[in-house]
Structures are given as C-alpha cells and as structure tokens.
Amino acid sequence: MRGRRKPPVSPLPQRDGIDAVRVRLPEDPEGRWASVGEHLADRFGGAIGADRVAGMLDAGRFVGADGVAVRGSEPYAAGRYLWFHRDFAAEVPVPFRVGVVYRDERIVVADKPHFLATMPRGRHITETAVARLRRELELPALQPAHRLDRLTAGLVLFVVRPEDRGAYQTLFRDRRVRKEYEAVAPYDPSVALPRTVRSRIVKERGVLAAREEPGEANSESYVELVEHRGALGRYRLAPATGRTHQLRVHMNALGLPIVHDPLYPVVAAEASADDFSRPLQLLARVLEFTDPVGGEPRRFASALRLSAWPEG
C-alpha cells in the first residue's frame, strides 16, 4: 500500500507563535462540492457560521501551497492543501516569565511558571510556554518533548529541530527520564515516610479530578519528607509512571494534599482567570537522562522556588 505523500510546508508564517491550520480537501466520490467555498462552508460553518467562512474567503484568509489566496468559487479538487490562521480569543496574560535553564542547537530546557500551559489546548493558545518561547527565542519549529500540567511549575524539555523530536519523546515514553518534584503539603508525623505509593488511577474525559479505584496498579510514586516547619512539610517526589495528576492524587491519598490544590481533596470553585495568588505548591525540580542524540549525560535543575516555602 502506498503511503500518503508528506504535506507541503505551510506558506504562512506563524502568528503569535502558533502555526497556521492545514486543511486537506477530502475525496468526494458523490460530487457534493462543486467549489472550494461549498466544502469549507460545510466543514466549518457549523462552528463559526457559513457567513464567517465566506468572509474569510473574501478577505484572502485561506491560501494554497503557493501562498496565493484561494477564491471560494474555485473548482473543488480532492487532495489539495489549504492553510489559514484561526482567530484567537483574548487570553489573560500569565504575569510570570518563562526562564531558560539551558539551550543548545538541539534542545531548550525551560522553567515554566505556574498557570501557564505547556502547549495550546482548549482556551489556552497563545498564552502557552511553547508559543512564548517560539516568539522570544525566534525558534518557530520548537516543540515540547513532553507536557507539564498548567498548574505545575518547573522544567520542560523542548526540541529545536523537528527531526530530533521523536528521539526525545521516546525517552519520556519509555520512562528513561528521571524526574524529581518538590511539593509543600501538610506535615503529619503519623505518616510513615519515605515510601513508595502504588495505585490504580483513572481519569475520565470531561471530569476534572482523577480517582483511585481497585485493580492492578498503573501508577507509582516515591514520596520522601525532606524537612518540616510547623504544620507544613517539604517533600521530594519521584514518579516512576506518568498518570494524569498522579503526584497530586498520591499525596492526597496519604492525607497530605498539596498546598493550594484546587482539585484534591475537594474540587474548588473555578478561580478567576486573572487570580494568580494561590499557585499549586508543586515544582518539577530535576530532569536527568542520557541524551538520545549526542549520548552525553544530562541533568537539569529548576531555578524556581515554591512560595509557601521561602528560603530561610
């Protein structure tokens, strides 16, 4: 079976660090669409309205592989590629910078602040770490090798060249990256630590919080108390697996919910989009691995600190 040819490169530059959307016109054996405009109206009209689609065509917002604006009246041609930029809704700026811990020709290791998503998703598009770094470092091909939750701060590995991305993603997929986190949570002398926590975690689509349920464990975290001050403790966490919200779920199961966690043990009312006053006290502190391209050992440490545990 012959594979599909690689799509051509986008003729449109990024906008605000975000790639243009690529559209491939599908096969049309029933002859439903006589023109490009008819297909685009069917394809996107339900989401933004046929009039809006027609307006975008009239404004030259859709272009072909040659970068020339496409007219809605052009004959339909299956397999043709088109590109356009989406209209982004206004986003509340996250008022914290993305630090760069390390950079070379292959990778960028960044210190992502709390409240900033790693990559575009849902209502967070331009206010994401990858979009910011593409703009600030002038690296339009930059891509994350893994994802760090929006509410968690700390180290994220980005790949500079598309041809290297698979090698670095494989490191995370195959669990060949040692990750160490730091958390601030209640101190309870009755909780015996250090210990390894194993459980079965289930996260349903559309449900904010994950849950533990009986069955074969699919998650594992090492939890160690580093020090305590009064009612709070500083903990070192080392996940062996990467389930959604794993560390937060395991700390809550120990009776030590992480400070300012809006989901565990109770799902709190959603905070205002511009309320950055209660950051989750969880930090991705260390990344350690053998570089899959150069073969050298790599170890990176975050320069960030958790606000609930000021340096004494």
# chains A, B, ... in the order shown; residues from 1 in each chain; ligands from 1

$ residues_around --residues "region 276-288 of chain A" --least-positions-apart "5" --cutoff "8 Å" --atoms "only C-alpha atoms" --output "VMD selection string"
chain A and resid 114 to 115 151 to 155 177 to 185 258 to 262 297 to 302 304 to 308

$ write_last_selection --atoms "N, CA, C and O atoms" --output "compact mmCIF listing (two decimals), in the first residue's frame"
# COMPACT_ATOMS: atom_id res chain seq x y z
N HIS A 114 3.97 28.61 37.14
CA HIS A 114 2.61 28.18 37.43
C HIS A 114 1.63 28.92 36.52
O HIS A 114 1.89 30.06 36.09
N PHE A 115 0.51 28.29 36.23
CA PHE A 115 -0.63 28.86 35.50
C PHE A 115 -0.42 28.93 33.99
O PHE A 115 -1.34 29.32 33.27
N LEU A 151 -0.97 23.97 36.02
CA LEU A 151 -0.85 24.48 37.37
C LEU A 151 0.47 24.14 38.03
O LEU A 151 0.80 24.67 39.10
N THR A 152 1.26 23.25 37.43
CA THR A 152 2.55 22.84 37.98
C THR A 152 3.65 23.68 37.34
O THR A 152 3.65 23.91 36.13
N ALA A 153 4.60 24.11 38.15
CA ALA A 153 5.74 24.87 37.63
C ALA A 153 6.94 23.96 37.47
O ALA A 153 6.98 22.85 38.02
N GLY A 154 7.93 24.44 36.70
CA GLY A 154 9.19 23.72 36.64
C GLY A 154 9.65 23.36 35.25
O GLY A 154 9.25 23.97 34.26
N LEU A 155 10.51 22.35 35.19
CA LEU A 155 11.27 22.04 33.98
C LEU A 155 10.44 21.36 32.90
O LEU A 155 9.72 20.40 33.16
N VAL A 177 13.69 8.88 31.61
CA VAL A 177 13.99 10.18 32.19
C VAL A 177 13.73 10.11 33.69
O VAL A 177 12.63 9.70 34.11
N ARG A 178 14.71 10.48 34.47
CA ARG A 178 14.49 10.54 35.92
C ARG A 178 13.92 11.92 36.25
O ARG A 178 14.54 12.94 35.95
N LYS A 179 12.74 11.92 36.86
CA LYS A 179 12.08 13.17 37.22
C LYS A 179 12.02 13.28 38.74
O LYS A 179 11.72 12.30 39.43
N GLU A 180 12.29 14.46 39.23
CA GLU A 180 12.16 14.71 40.66
C GLU A 180 11.34 15.99 40.85
O GLU A 180 11.62 17.01 40.22
N TYR A 181 10.35 15.91 41.72
CA TYR A 181 9.50 17.05 42.01
C TYR A 181 9.67 17.47 43.47
O TYR A 181 10.13 16.69 44.31
N GLU A 182 9.26 18.70 43.74
CA GLU A 182 9.22 19.20 45.10
C GLU A 182 7.81 19.68 45.37
O GLU A 182 7.16 20.27 44.49
N ALA A 183 7.32 19.42 46.58
CA ALA A 183 5.96 19.85 46.95
C ALA A 183 5.95 20.34 48.37
O ALA A 183 6.74 19.90 49.21
N VAL A 184 5.02 21.25 48.65
CA VAL A 184 4.75 21.68 50.02
C VAL A 184 3.34 21.20 50.36
O VAL A 184 2.39 21.44 49.61
N ALA A 185 3.23 20.49 51.48
CA ALA A 185 1.97 19.88 51.90
C ALA A 185 1.96 19.81 53.42
O ALA A 185 2.98 20.06 54.07
N ILE A 258 -1.46 18.58 48.49
CA ILE A 258 -0.52 19.65 48.19
C ILE A 258 -1.19 21.01 48.40
O ILE A 258 -2.36 21.20 48.05
N VAL A 259 -0.46 21.92 48.98
CA VAL A 259 -0.98 23.25 49.30
C VAL A 259 -1.50 23.94 48.04
O VAL A 259 -0.85 23.92 46.98
N HIS A 260 -2.68 24.53 48.14
CA HIS A 260 -3.37 25.27 47.07
C HIS A 260 -3.80 24.37 45.91
O HIS A 260 -3.97 24.86 44.78
N ASP A 261 -4.00 23.07 46.17
CA ASP A 261 -4.51 22.20 45.12
C ASP A 261 -6.02 22.43 44.98
O ASP A 261 -6.77 22.21 45.93
N PRO A 262 -6.48 22.88 43.79
CA PRO A 262 -7.91 23.19 43.63
C PRO A 262 -8.78 21.96 43.35
O PRO A 262 -10.00 22.11 43.22
N PRO A 297 25.47 12.42 29.27
CA PRO A 297 24.54 12.50 30.40
C PRO A 297 24.06 13.94 30.58
O PRO A 297 24.83 14.88 30.44
N ARG A 298 22.78 14.10 30.89
CA ARG A 298 22.19 15.42 31.07
C ARG A 298 21.50 15.47 32.44
O ARG A 298 20.79 14.54 32.82
N ARG A 299 21.70 16.57 33.15
CA ARG A 299 20.97 16.79 34.39
C ARG A 299 20.67 18.28 34.52
O ARG A 299 21.58 19.11 34.42
N PHE A 300 19.40 18.59 34.72
CA PHE A 300 18.98 19.98 34.82
C PHE A 300 18.18 20.18 36.09
O PHE A 300 17.40 19.30 36.49
N ALA A 301 18.37 21.33 36.73
CA ALA A 301 17.65 21.65 37.96
C ALA A 301 16.95 22.99 37.80
O ALA A 301 17.50 23.94 37.23
N SER A 302 15.73 23.07 38.29
CA SER A 302 14.94 24.29 38.22
C SER A 302 15.53 25.37 39.11
O SER A 302 16.06 25.10 40.19
N LEU A 304 13.45 27.79 40.05
CA LEU A 304 12.26 28.32 40.72
C LEU A 304 12.18 27.83 42.16
O LEU A 304 12.78 26.81 42.52
N ARG A 305 11.40 28.54 42.97
CA ARG A 305 11.17 28.16 44.36
C ARG A 305 9.67 28.23 44.64
O ARG A 305 8.96 29.07 44.07
N LEU A 306 9.20 27.38 45.54
CA LEU A 306 7.80 27.38 45.91
C LEU A 306 7.55 28.46 46.95
O LEU A 306 8.26 28.55 47.95
N SER A 307 6.52 29.27 46.71
CA SER A 307 6.27 30.43 47.54
C SER A 307 5.88 30.08 48.97
O SER A 307 6.09 30.89 49.89
N ALA A 308 5.32 28.91 49.19
CA ALA A 308 4.92 28.53 50.53
C ALA A 308 6.09 28.04 51.37
O ALA A 308 5.93 27.75 52.56

$ residues_around --residues "Ala78 (chain A)" --least-positions-apart "2" --cutoff "7 Å" --atoms "only C-alpha atoms" --output "list of chain:residue names"
A:Leu25, A:Pro26, A:Glu27, A:Asp28, A:Tyr76, A:Arg80

$ residues_around --residues "Arg71 (chain A)" --least-positions-apart "4" --cutoff "8 Å" --atoms "only C-alpha atoms" --output "PyMOL selection string"
chain A and resi 36-37+57-58+60

$ write_last_selection --atoms "all heavy atoms" --output "mmCIF file, in the first residue's frame"
data_model
loop_
_atom_site.group_PDB
_atom_site.id
_atom_site.type_symbol
_atom_site.label_atom_id
_atom_site.label_comp_id
_atom_site.auth_asym_id
_atom_site.auth_seq_id
_atom_site.Cartn_x
_atom_site.Cartn_y
_atom_site.Cartn_z
ATOM 1 N N VAL A 36 -14.551 25.089 -3.799
ATOM 2 C CA VAL A 36 -13.839 25.121 -2.528
ATOM 3 C C VAL A 36 -14.715 25.760 -1.451
ATOM 4 O O VAL A 36 -14.801 25.283 -0.318
ATOM 5 C CB VAL A 36 -12.517 25.906 -2.674
ATOM 6 C CG1 VAL A 36 -11.870 26.124 -1.296
ATOM 7 C CG2 VAL A 36 -11.558 25.171 -3.600
ATOM 8 N N GLY A 37 -15.409 26.845 -1.809
ATOM 9 C CA GLY A 37 -16.244 27.547 -0.850
ATOM 10 C C GLY A 37 -17.353 26.674 -0.288
ATOM 11 O O GLY A 37 -17.672 26.748 0.910
ATOM 12 N N LEU A 57 -12.915 33.863 3.200
ATOM 13 C CA LEU A 57 -12.513 33.659 1.801
ATOM 14 C C LEU A 57 -12.390 34.993 1.078
ATOM 15 O O LEU A 57 -11.415 35.243 0.357
ATOM 16 C CB LEU A 57 -13.509 32.748 1.093
ATOM 17 C CG LEU A 57 -13.389 31.251 1.388
ATOM 18 C CD1 LEU A 57 -14.653 30.518 0.976
ATOM 19 C CD2 LEU A 57 -12.167 30.667 0.674
ATOM 20 N N ASP A 58 -13.370 35.864 1.263
ATOM 21 C CA ASP A 58 -13.340 37.175 0.610
ATOM 22 C C ASP A 58 -12.131 37.996 1.057
ATOM 23 O O ASP A 58 -11.579 38.793 0.276
ATOM 24 C CB ASP A 58 -14.623 37.957 0.924
ATOM 25 C CG ASP A 58 -15.849 37.361 0.242
ATOM 26 O OD1 ASP A 58 -15.660 36.562 -0.700
ATOM 27 O OD2 ASP A 58 -16.976 37.682 0.665
ATOM 28 N N GLY A 60 -9.257 36.792 1.762
ATOM 29 C CA GLY A 60 -7.997 36.141 1.380
ATOM 30 C C GLY A 60 -7.338 35.395 2.515
ATOM 31 O O GLY A 60 -6.116 35.180 2.495
#

$ closest_residue --among "A:Ala253, A:Val98, A:Val293, A:Ala217" --to "Leu171 (chain A)" --atoms "only C-alpha atoms"
A:Val293

$ residues_around --residues "region 126-129 of chain A" --least-positions-apart "4" --cutoff "10 Å" --atoms "only C-alpha atoms" --output "ChimeraX atom specification"
/A:15-18,88-94,97-99,110-113,115-121,133-134,143-144,150,156,158

$ write_last_selection --atoms "N, CA, C and O atoms" --output "compact mmCIF listing (two decimals), in the first residue's frame"
# COMPACT_ATOMS: atom_id res chain seq x y z
N ARG A 15 1.77 32.87 13.63
CA ARG A 15 1.20 34.09 14.18
C ARG A 15 1.12 33.94 15.69
O ARG A 15 0.51 32.99 16.19
N ASP A 16 1.79 34.82 16.40
CA ASP A 16 1.84 34.74 17.87
C ASP A 16 2.40 33.40 18.34
O ASP A 16 2.01 32.88 19.38
N GLY A 17 3.31 32.83 17.55
CA GLY A 17 3.92 31.56 17.93
C GLY A 17 3.08 30.35 17.62
O GLY A 17 3.43 29.23 18.03
N ILE A 18 1.98 30.51 16.88
CA ILE A 18 1.06 29.41 16.58
C ILE A 18 1.05 29.16 15.08
O ILE A 18 0.94 30.09 14.27
N PHE A 88 -7.92 33.98 17.41
CA PHE A 88 -7.73 33.61 18.80
C PHE A 88 -8.56 34.49 19.71
O PHE A 88 -8.57 35.72 19.57
N ALA A 89 -9.24 33.86 20.66
CA ALA A 89 -9.95 34.63 21.67
C ALA A 89 -8.93 35.31 22.58
O ALA A 89 -7.80 34.82 22.75
N ALA A 90 -9.33 36.44 23.14
CA ALA A 90 -8.43 37.15 24.06
C ALA A 90 -8.12 36.27 25.26
O ALA A 90 -9.00 35.60 25.80
N GLU A 91 -6.86 36.24 25.66
CA GLU A 91 -6.43 35.45 26.81
C GLU A 91 -5.82 36.37 27.87
O GLU A 91 -5.14 37.35 27.53
N VAL A 92 -6.06 36.03 29.13
CA VAL A 92 -5.46 36.79 30.22
C VAL A 92 -3.97 36.45 30.26
O VAL A 92 -3.60 35.28 30.40
N PRO A 93 -3.08 37.43 30.14
CA PRO A 93 -1.64 37.14 30.18
C PRO A 93 -1.22 36.57 31.53
O PRO A 93 -1.63 37.08 32.58
N VAL A 94 -0.44 35.51 31.51
CA VAL A 94 0.13 34.98 32.74
C VAL A 94 1.34 35.85 33.08
O VAL A 94 2.30 35.92 32.30
N ARG A 97 7.46 35.12 33.80
CA ARG A 97 8.29 34.81 32.64
C ARG A 97 8.60 33.32 32.57
O ARG A 97 8.53 32.59 33.57
N VAL A 98 8.93 32.88 31.37
CA VAL A 98 9.43 31.52 31.16
C VAL A 98 10.95 31.60 31.19
O VAL A 98 11.56 32.24 30.32
N GLY A 99 11.56 30.99 32.18
CA GLY A 99 13.01 31.01 32.27
C GLY A 99 13.64 29.97 31.35
O GLY A 99 13.03 28.94 31.05
N ALA A 110 13.33 24.66 29.74
CA ALA A 110 12.71 25.88 30.25
C ALA A 110 12.13 25.66 31.63
O ALA A 110 11.74 24.55 32.00
N ASP A 111 12.08 26.75 32.40
CA ASP A 111 11.40 26.78 33.69
C ASP A 111 10.02 27.39 33.46
O ASP A 111 9.88 28.61 33.36
N LYS A 112 9.02 26.54 33.37
CA LYS A 112 7.65 27.01 33.14
C LYS A 112 7.04 27.50 34.45
O LYS A 112 7.10 26.81 35.46
N PRO A 113 6.45 28.68 34.45
CA PRO A 113 5.81 29.16 35.68
C PRO A 113 4.46 28.49 35.92
O PRO A 113 3.87 27.89 35.01
N PHE A 115 0.51 28.29 36.23
CA PHE A 115 -0.63 28.86 35.50
C PHE A 115 -0.42 28.93 33.99
O PHE A 115 -1.34 29.32 33.27
N LEU A 116 0.75 28.60 33.48
CA LEU A 116 1.00 28.67 32.04
C LEU A 116 0.97 27.25 31.46
O LEU A 116 1.73 26.38 31.90
N ALA A 117 0.09 27.02 30.48
CA ALA A 117 0.03 25.72 29.83
C ALA A 117 1.30 25.47 29.04
O ALA A 117 1.95 26.40 28.56
N THR A 118 1.66 24.21 28.87
CA THR A 118 2.85 23.87 28.09
C THR A 118 2.62 24.11 26.61
O THR A 118 3.45 24.71 25.93
N MET A 119 1.47 23.64 26.10
CA MET A 119 1.18 23.72 24.66
C MET A 119 -0.27 24.12 24.46
O MET A 119 -1.08 24.04 25.40
N PRO A 120 -0.64 24.58 23.27
CA PRO A 120 -2.02 25.01 23.03
C PRO A 120 -3.02 23.89 23.27
O PRO A 120 -2.85 22.76 22.80
N ARG A 121 -4.06 24.25 24.03
CA ARG A 121 -5.12 23.29 24.31
C ARG A 121 -6.30 24.04 24.91
O ARG A 121 -6.11 24.86 25.80
N LEU A 133 8.00 30.82 23.87
CA LEU A 133 9.41 30.55 23.56
C LEU A 133 9.68 30.65 22.07
O LEU A 133 10.76 31.10 21.67
N ARG A 134 8.76 30.21 21.26
CA ARG A 134 8.95 30.38 19.81
C ARG A 134 9.14 31.84 19.46
O ARG A 134 10.00 32.18 18.63
N GLN A 143 9.26 22.49 19.69
CA GLN A 143 8.15 21.65 20.13
C GLN A 143 8.49 21.02 21.48
O GLN A 143 9.65 20.69 21.74
N PRO A 144 7.51 20.85 22.37
CA PRO A 144 7.78 20.18 23.64
C PRO A 144 7.95 18.68 23.44
O PRO A 144 7.26 18.07 22.61
N ARG A 150 -0.65 22.62 33.55
CA ARG A 150 -0.69 24.08 33.59
C ARG A 150 -0.44 24.62 34.99
O ARG A 150 0.24 25.64 35.16
N VAL A 156 10.60 21.87 31.68
CA VAL A 156 10.01 21.26 30.49
C VAL A 156 11.10 21.22 29.42
O VAL A 156 11.80 22.21 29.20
N PHE A 158 12.14 21.08 25.59
CA PHE A 158 11.68 21.40 24.24
C PHE A 158 12.75 20.99 23.23
O PHE A 158 13.94 21.02 23.54

$ residues_around --residues "region 209-215 of chain A" --least-positions-apart "2" --cutoff "12 Å" --atoms "only C-alpha atoms" --output "PDB file with C-alpha atoms, in the first residue's frame"
ATOM      1  CA  VAL A 197       2.866   4.595  46.660  1.00  0.00           C
ATOM      2  CA  ARG A 198       1.244   2.383  44.033  1.00  0.00           C
ATOM      3  CA  SER A 199      -2.383   2.525  42.932  1.00  0.00           C
ATOM      4  CA  ARG A 200      -4.754   2.368  40.000  1.00  0.00           C
ATOM      5  CA  ILE A 201      -5.593   5.905  38.812  1.00  0.00           C
ATOM      6  CA  VAL A 202      -8.475   6.590  36.437  1.00  0.00           C
ATOM      7  CA  LYS A 203      -9.067   9.944  34.733  1.00  0.00           C
ATOM      8  CA  GLU A 204     -12.292  10.288  32.757  1.00  0.00           C
ATOM      9  CA  ARG A 205     -12.636  12.741  29.899  1.00  0.00           C
ATOM     10  CA  GLY A 206     -14.622  15.782  30.984  1.00  0.00           C
ATOM     11  CA  VAL A 207     -14.144  15.084  34.698  1.00  0.00           C
ATOM     12  CA  ALA A 217      -1.729  -0.570  39.902  1.00  0.00           C
ATOM     13  CA  ASN A 218      -0.901   1.629  36.917  1.00  0.00           C
ATOM     14  CA  SER A 219       0.955   4.358  38.835  1.00  0.00           C
ATOM     15  CA  ARG A 243      -0.598   9.236  35.012  1.00  0.00           C
ATOM     16  CA  THR A 244      -2.607  12.467  34.922  1.00  0.00           C
ATOM     17  CA  HIS A 245      -2.408  14.256  38.309  1.00  0.00           C
ATOM     18  CA  GLN A 246      -0.501  11.272  39.688  1.00  0.00           C
ATOM     19  CA  LEU A 247       1.540  13.070  42.356  1.00  0.00           C
ATOM     20  CA  ARG A 248      -1.439  15.133  43.471  1.00  0.00           C
ATOM     21  CA  VAL A 249      -3.608  12.022  43.765  1.00  0.00           C
ATOM     22  CA  HIS A 250      -0.965  10.083  45.699  1.00  0.00           C
ATOM     23  CA  ASN A 252      -3.932  13.330  48.768  1.00  0.00           C
ATOM     24  CA  ALA A 253      -4.295   9.574  49.347  1.00  0.00           C
ATOM     25  CA  ASP A 261      -4.514  22.202  45.117  1.00  0.00           C
ATOM     26  CA  PRO A 262      -7.908  23.186  43.629  1.00  0.00           C
ATOM     27  CA  LEU A 263      -8.949  19.563  42.938  1.00  0.00           C
ATOM     28  CA  TYR A 264      -7.727  17.369  45.783  1.00  0.00           C
ATOM     29  CA  PRO A 265      -9.243  16.571  48.196  1.00  0.00           C
ATOM     30  CA  VAL A 266     -12.211  18.736  47.069  1.00  0.00           C
ATOM     31  CA  VAL A 267     -12.900  20.293  43.676  1.00  0.00           C
ATOM     32  CA  ALA A 268     -12.998  24.013  44.396  1.00  0.00           C
TER      33      ALA A 268
END

$ select_by_dssp --residues "region 63-144 of chain A" --states "strand (DSSP E or B)" --output "list in words"
Val63, Ala69, Pro75, Tyr81, Leu82, Trp83, Phe84, Gly99, Val100, Val101, Tyr102, Arg103, Ile107, Val108, Val109, Ala110, Asp111, Lys112, Ala117, Arg121, His124, Thr128, Gln143 and Pro144 of chain A

$ select_by_dssp --residues "region 99-162 of chain A" --states "alpha helix (DSSP H)" --output "list in words"
Ala129, Val130, Ala131, Arg132, Leu133, Arg134, Arg135, Glu136, Leu137 and Pro162 of chain A

$ write_last_selection --atoms "N, CA, C and O atoms" --output "tab-separated table (two decimals), in the first residue's frame"
chain	number	residue	atom	x	y	z
A	129	ALA	N	3.60	28.01	27.01
A	129	ALA	CA	5.07	28.07	27.05
A	129	ALA	C	5.67	27.94	25.67
A	129	ALA	O	6.61	28.66	25.31
A	130	VAL	N	5.15	27.02	24.85
A	130	VAL	CA	5.75	26.82	23.54
A	130	VAL	C	5.55	28.04	22.65
A	130	VAL	O	6.48	28.45	21.91
A	131	ALA	N	4.38	28.68	22.69
A	131	ALA	CA	4.16	29.87	21.87
A	131	ALA	C	5.06	31.01	22.31
A	131	ALA	O	5.64	31.72	21.48
A	132	ARG	N	5.19	31.20	23.60
A	132	ARG	CA	6.07	32.26	24.10
A	132	ARG	C	7.52	32.03	23.69
A	132	ARG	O	8.20	32.95	23.22
A	133	LEU	N	8.00	30.82	23.87
A	133	LEU	CA	9.41	30.55	23.56
A	133	LEU	C	9.68	30.65	22.07
A	133	LEU	O	10.76	31.10	21.67
A	134	ARG	N	8.76	30.21	21.26
A	134	ARG	CA	8.95	30.38	19.81
A	134	ARG	C	9.14	31.84	19.46
A	134	ARG	O	10.00	32.18	18.63
A	135	ARG	N	8.34	32.70	20.07
A	135	ARG	CA	8.44	34.13	19.79
A	135	ARG	C	9.72	34.72	20.37
A	135	ARG	O	10.47	35.44	19.69
A	136	GLU	N	9.98	34.44	21.65
A	136	GLU	CA	11.08	35.09	22.35
A	136	GLU	C	12.45	34.59	21.87
A	136	GLU	O	13.41	35.37	21.82
A	137	LEU	N	12.55	33.30	21.54
A	137	LEU	CA	13.83	32.74	21.11
A	137	LEU	C	13.97	32.70	19.60
A	137	LEU	O	15.02	32.30	19.09
A	162	PRO	N	12.72	19.55	14.25
A	162	PRO	CA	11.67	18.53	14.12
A	162	PRO	C	12.21	17.11	13.97
A	162	PRO	O	11.62	16.16	14.49

$ residues_around --residues "Val70 (chain A)" --least-positions-apart "4" --cutoff "12 Å" --atoms "only C-alpha atoms" --output "ChimeraX atom specification"
/A:35-37,40,54,56-66,74-76,80-84

$ write_last_selection --atoms "N, CA and C atoms" --output "PDB file, in the first residue's frame"
ATOM      1  N   SER A  35     -17.377  23.549  -5.496  1.00  0.00           N
ATOM      2  CA  SER A  35     -16.362  24.581  -5.311  1.00  0.00           C
ATOM      3  C   SER A  35     -15.692  24.442  -3.938  1.00  0.00           C
ATOM      4  N   VAL A  36     -14.551  25.089  -3.799  1.00  0.00           N
ATOM      5  CA  VAL A  36     -13.839  25.121  -2.528  1.00  0.00           C
ATOM      6  C   VAL A  36     -14.715  25.760  -1.451  1.00  0.00           C
ATOM      7  N   GLY A  37     -15.409  26.845  -1.809  1.00  0.00           N
ATOM      8  CA  GLY A  37     -16.244  27.547  -0.850  1.00  0.00           C
ATOM      9  C   GLY A  37     -17.353  26.674  -0.288  1.00  0.00           C
ATOM     10  N   LEU A  40     -15.761  24.303   2.325  1.00  0.00           N
ATOM     11  CA  LEU A  40     -15.354  24.987   3.561  1.00  0.00           C
ATOM     12  C   LEU A  40     -16.570  25.417   4.374  1.00  0.00           C
ATOM     13  N   ALA A  54     -17.397  32.550   4.474  1.00  0.00           N
ATOM     14  CA  ALA A  54     -17.400  33.330   3.234  1.00  0.00           C
ATOM     15  C   ALA A  54     -16.611  34.618   3.404  1.00  0.00           C
ATOM     16  N   MET A  56     -14.062  35.082   5.417  1.00  0.00           N
ATOM     17  CA  MET A  56     -12.639  34.752   5.447  1.00  0.00           C
ATOM     18  C   MET A  56     -12.116  34.514   4.035  1.00  0.00           C
ATOM     19  N   LEU A  57     -12.915  33.863   3.200  1.00  0.00           N
ATOM     20  CA  LEU A  57     -12.513  33.659   1.801  1.00  0.00           C
ATOM     21  C   LEU A  57     -12.390  34.993   1.078  1.00  0.00           C
ATOM     22  N   ASP A  58     -13.370  35.864   1.263  1.00  0.00           N
ATOM     23  CA  ASP A  58     -13.340  37.175   0.610  1.00  0.00           C
ATOM     24  C   ASP A  58     -12.131  37.996   1.057  1.00  0.00           C
ATOM     25  N   ALA A  59     -11.708  37.785   2.323  1.00  0.00           N
ATOM     26  CA  ALA A  59     -10.566  38.540   2.855  1.00  0.00           C
ATOM     27  C   ALA A  59      -9.224  37.915   2.516  1.00  0.00           C
ATOM     28  N   GLY A  60      -9.257  36.792   1.762  1.00  0.00           N
ATOM     29  CA  GLY A  60      -7.997  36.141   1.380  1.00  0.00           C
ATOM     30  C   GLY A  60      -7.338  35.395   2.515  1.00  0.00           C
ATOM     31  N   ARG A  61      -8.131  34.937   3.497  1.00  0.00           N
ATOM     32  CA  ARG A  61      -7.571  34.282   4.675  1.00  0.00           C
ATOM     33  C   ARG A  61      -7.149  32.835   4.398  1.00  0.00           C
ATOM     34  N   PHE A  62      -7.734  32.205   3.390  1.00  0.00           N
ATOM     35  CA  PHE A  62      -7.343  30.848   3.007  1.00  0.00           C
ATOM     36  C   PHE A  62      -6.349  30.945   1.849  1.00  0.00           C
ATOM     37  N   VAL A  63      -5.230  30.209   1.951  1.00  0.00           N
ATOM     38  CA  VAL A  63      -4.237  30.238   0.884  1.00  0.00           C
ATOM     39  C   VAL A  63      -3.880  28.816   0.481  1.00  0.00           C
ATOM     40  N   GLY A  64      -3.373  28.702  -0.762  1.00  0.00           N
ATOM     41  CA  GLY A  64      -2.898  27.421  -1.254  1.00  0.00           C
ATOM     42  C   GLY A  64      -1.425  27.234  -0.963  1.00  0.00           C
ATOM     43  N   ALA A  65      -0.860  26.143  -1.467  1.00  0.00           N
ATOM     44  CA  ALA A  65       0.542  25.824  -1.222  1.00  0.00           C
ATOM     45  C   ALA A  65       1.484  26.878  -1.773  1.00  0.00           C
ATOM     46  N   ASP A  66       1.025  27.647  -2.746  1.00  0.00           N
ATOM     47  CA  ASP A  66       1.858  28.702  -3.328  1.00  0.00           C
ATOM     48  C   ASP A  66       1.726  30.022  -2.566  1.00  0.00           C
ATOM     49  N   GLU A  74     -13.435  28.727  -6.705  1.00  0.00           N
ATOM     50  CA  GLU A  74     -12.519  27.812  -7.397  1.00  0.00           C
ATOM     51  C   GLU A  74     -13.059  26.389  -7.373  1.00  0.00           C
ATOM     52  N   PRO A  75     -12.883  25.639  -8.467  1.00  0.00           N
ATOM     53  CA  PRO A  75     -13.388  24.261  -8.522  1.00  0.00           C
ATOM     54  C   PRO A  75     -12.797  23.403  -7.409  1.00  0.00           C
ATOM     55  N   TYR A  76     -13.603  22.509  -6.883  1.00  0.00           N
ATOM     56  CA  TYR A  76     -13.158  21.615  -5.823  1.00  0.00           C
ATOM     57  C   TYR A  76     -12.159  20.616  -6.397  1.00  0.00           C
ATOM     58  N   ARG A  80      -6.144  18.620  -2.386  1.00  0.00           N
ATOM     59  CA  ARG A  80      -5.485  19.932  -2.333  1.00  0.00           C
ATOM     60  C   ARG A  80      -5.321  20.368  -0.874  1.00  0.00           C
ATOM     61  N   TYR A  81      -4.222  21.049  -0.591  1.00  0.00           N
ATOM     62  CA  TYR A  81      -3.973  21.573   0.749  1.00  0.00           C
ATOM     63  C   TYR A  81      -4.246  23.075   0.790  1.00  0.00           C
ATOM     64  N   LEU A  82      -4.893  23.498   1.863  1.00  0.00           N
ATOM     65  CA  LEU A  82      -5.114  24.908   2.137  1.00  0.00           C
ATOM     66  C   LEU A  82      -4.639  25.215   3.554  1.00  0.00           C
ATOM     67  N   TRP A  83      -4.339  26.490   3.805  1.00  0.00           N
ATOM     68  CA  TRP A  83      -3.913  26.920   5.133  1.00  0.00           C
ATOM     69  C   TRP A  83      -4.666  28.199   5.511  1.00  0.00           C
ATOM     70  N   PHE A  84      -4.890  28.355   6.819  1.00  0.00           N
ATOM     71  CA  PHE A  84      -5.451  29.607   7.320  1.00  0.00           C
ATOM     72  C   PHE A  84      -5.092  29.758   8.794  1.00  0.00           C
TER      73      PHE A  84
END

$ closest_residue --among "A:Glu216, A:Asp275, A:Ile107, A:Asp188" --to "Tyr235 (chain A)" --atoms "only C-alpha atoms"
A:Asp188

$ residues_around --residues "Val159 (chain A)" --least-positions-apart "4" --cutoff "12 Å" --atoms "only C-alpha atoms" --output "PyMOL selection string"
chain A and resi 102-110+130+133-134+139-146+163-169+291-293
